[in-house]
>>> print(open('coords_25.txt').read())   # compact mmCIF, C-alpha atoms
# COMPACT_ATOMS: atom_id res chain seq x y z
CA MET A 1 -10.82 -14.73 -27.78
CA PRO A 2 -11.68 -11.13 -26.82
CA LEU A 3 -10.15 -8.36 -28.91
CA LEU A 4 -7.87 -5.88 -27.10
CA PHE A 5 -7.43 -2.26 -28.19
CA ASN A 6 -4.22 -0.58 -27.03
CA TRP A 7 -4.92 3.15 -26.85
CA ALA A 8 -1.47 4.73 -27.09
CA GLU A 9 -1.58 8.52 -26.90
CA GLY A 10 0.92 10.12 -29.20
CA GLY A 11 1.14 6.94 -31.24
CA LYS A 12 -0.90 5.86 -34.23
CA THR A 13 -4.11 5.36 -32.26
CA PRO A 14 -7.03 7.02 -34.05
CA PRO A 15 -9.53 9.00 -31.95
CA VAL A 16 -12.16 6.30 -31.56
CA SER A 17 -14.84 6.37 -28.87
CA LEU A 18 -15.32 3.48 -26.48
CA ALA A 19 -18.81 3.00 -27.91
CA ARG A 20 -17.36 2.59 -31.42
CA LEU A 21 -14.69 0.19 -30.20
CA THR A 22 -17.43 -1.90 -28.61
CA GLU A 23 -19.32 -1.87 -31.91
CA LEU A 24 -16.15 -3.06 -33.64
CA GLY A 25 -15.95 -6.02 -31.27
CA TYR A 26 -13.31 -4.88 -28.81
CA ARG A 27 -13.98 -6.14 -25.29
CA ILE A 28 -10.80 -4.90 -23.61
CA VAL A 29 -9.41 -1.39 -24.02
CA ILE A 30 -6.21 -0.41 -22.25
CA PHE A 31 -4.80 3.06 -21.74
CA PRO A 32 -1.17 2.30 -20.80
CA ILE A 33 0.17 5.80 -21.29
CA SER A 34 -2.71 8.00 -20.04
CA THR A 35 -1.86 7.65 -16.36
CA LEU A 36 1.85 8.19 -17.02
CA LEU A 37 1.11 11.39 -18.95
CA ALA A 38 -1.20 12.62 -16.17
CA ALA A 39 1.40 11.77 -13.52
CA THR A 40 4.07 13.61 -15.51
CA ALA A 41 1.87 16.72 -15.67
CA ALA A 42 1.23 16.53 -11.92
CA MET A 43 4.93 16.07 -11.15
CA ARG A 44 5.81 19.07 -13.29
CA ALA A 45 3.19 21.19 -11.51
CA ILE A 46 4.35 20.27 -8.01
CA LEU A 47 8.00 20.76 -8.94
CA ARG A 48 7.16 24.22 -10.33
CA GLU A 49 5.46 25.04 -7.02
CA ILE A 50 8.47 23.81 -5.03
CA ALA A 51 10.85 25.76 -7.25
CA ALA A 52 8.77 28.93 -6.95
CA SER A 53 8.04 28.88 -3.21
CA GLY A 54 10.51 26.41 -1.77
CA THR A 55 7.72 24.16 -0.45
CA PRO A 56 4.77 22.15 -1.77
CA ALA A 57 2.52 23.54 1.02
CA ALA A 58 0.31 25.64 -1.28
CA ALA A 59 -0.52 22.58 -3.40
CA LEU A 60 -1.18 20.08 -0.61
CA ALA A 61 -4.96 20.65 -0.57
CA GLY A 62 -5.17 19.27 -4.11
CA LEU A 63 -3.10 16.18 -3.38
CA PRO A 64 -4.14 12.85 -1.86
CA THR A 65 -3.08 12.34 1.72
CA PHE A 66 -0.27 9.91 2.43
CA GLY A 67 -2.86 7.51 3.87
CA GLU A 68 -4.92 7.69 0.68
CA PHE A 69 -1.78 7.01 -1.35
CA VAL A 70 -0.88 4.00 0.79
CA ASP A 71 -4.40 2.62 0.39
CA PHE A 72 -4.37 3.27 -3.37
CA ILE A 73 -1.15 1.33 -3.92
CA GLY A 74 -2.49 -1.56 -1.86
CA LEU A 75 0.00 -1.45 0.98
CA PRO A 76 -2.52 -2.69 3.57
CA GLN A 77 -3.10 -5.81 1.45
CA VAL A 78 0.65 -6.32 1.08
CA ARG A 79 1.10 -6.08 4.84
CA GLU A 80 -1.76 -8.54 5.35
CA ALA A 81 -0.15 -11.00 2.94
CA GLU A 82 3.19 -10.57 4.71
CA GLN A 83 1.58 -11.51 8.01
CA ARG A 84 -0.27 -14.45 6.49
CA TYR A 85 2.74 -15.93 4.70
CA ALA A 86 5.65 -14.84 6.89
CA THR A 87 7.69 -17.69 8.29
>>> encode(input="coords_25.txt", output="structure tokens")
Amino acid sequence: MPLLFNWAEGGKTPPVSLARLTELGYRIVIFPISTLLAATAAMRAILREIAASGTPAAALAGLPTFGEFVDFIGLPQVREAEQRYAT
């Protein structure tokens, strides 16, 4: 049974490197909060831009395109499955 390390930022997780976790026998390391914290920071930044200028236009160059977002969330695969299994 592989050991799982749950890296929870802001919790009781000690600052341990991935190399050390491997040495300790962990084979799965999850970061369930990292992406949520990063998304929160990004949402705050874009909302500050919208509040300051009334539009997100100045920040668009640093954002993924809508097409990139759709691909990232797997929408093409969902649509493919819909076509394959639709009755």
>>> axis_aligned_box(input="coords_25.txt", around="range 65-79 of chain A", padding_each_side="4 Å", output="JSON")
{"center_x": -1.9, "center_y": 3.0, "center_z": 0.5, "size_x": 14.0, "size_y": 26.7, "size_z": 16.8}
>>> residues_around(input="coords_25.txt", residues="range 2-14 of chain A", least_positions_apart="4", cutoff="12 Å", atoms="only C-alpha atoms", output="list of chain:residue names")
A:Leu18, A:Arg20, A:Leu21, A:Thr22, A:Glu23, A:Leu24, A:Gly25, A:Tyr26, A:Arg27, A:Ile28, A:Val29, A:Ile30, A:Phe31, A:Pro32, A:Ile33, A:Ser34, A:Thr35, A:Leu36, A:Leu37, A:Ala38
>>> atom_distance(input="coords_25.txt", atom1="CA of Gly62 in chain A", atom2="CA of Gln77 in chain A")
25.8 Å
>>> atom_distance(input="coords_25.txt", atom1="CA of Pro56 in chain A", atom2="CA of Val78 in chain A")
28.9 Å
>>> atom_distance(input="coords_25.txt", atom1="CA of Ala59 in chain A", atom2="CA of Ile73 in chain A")
21.3 Å
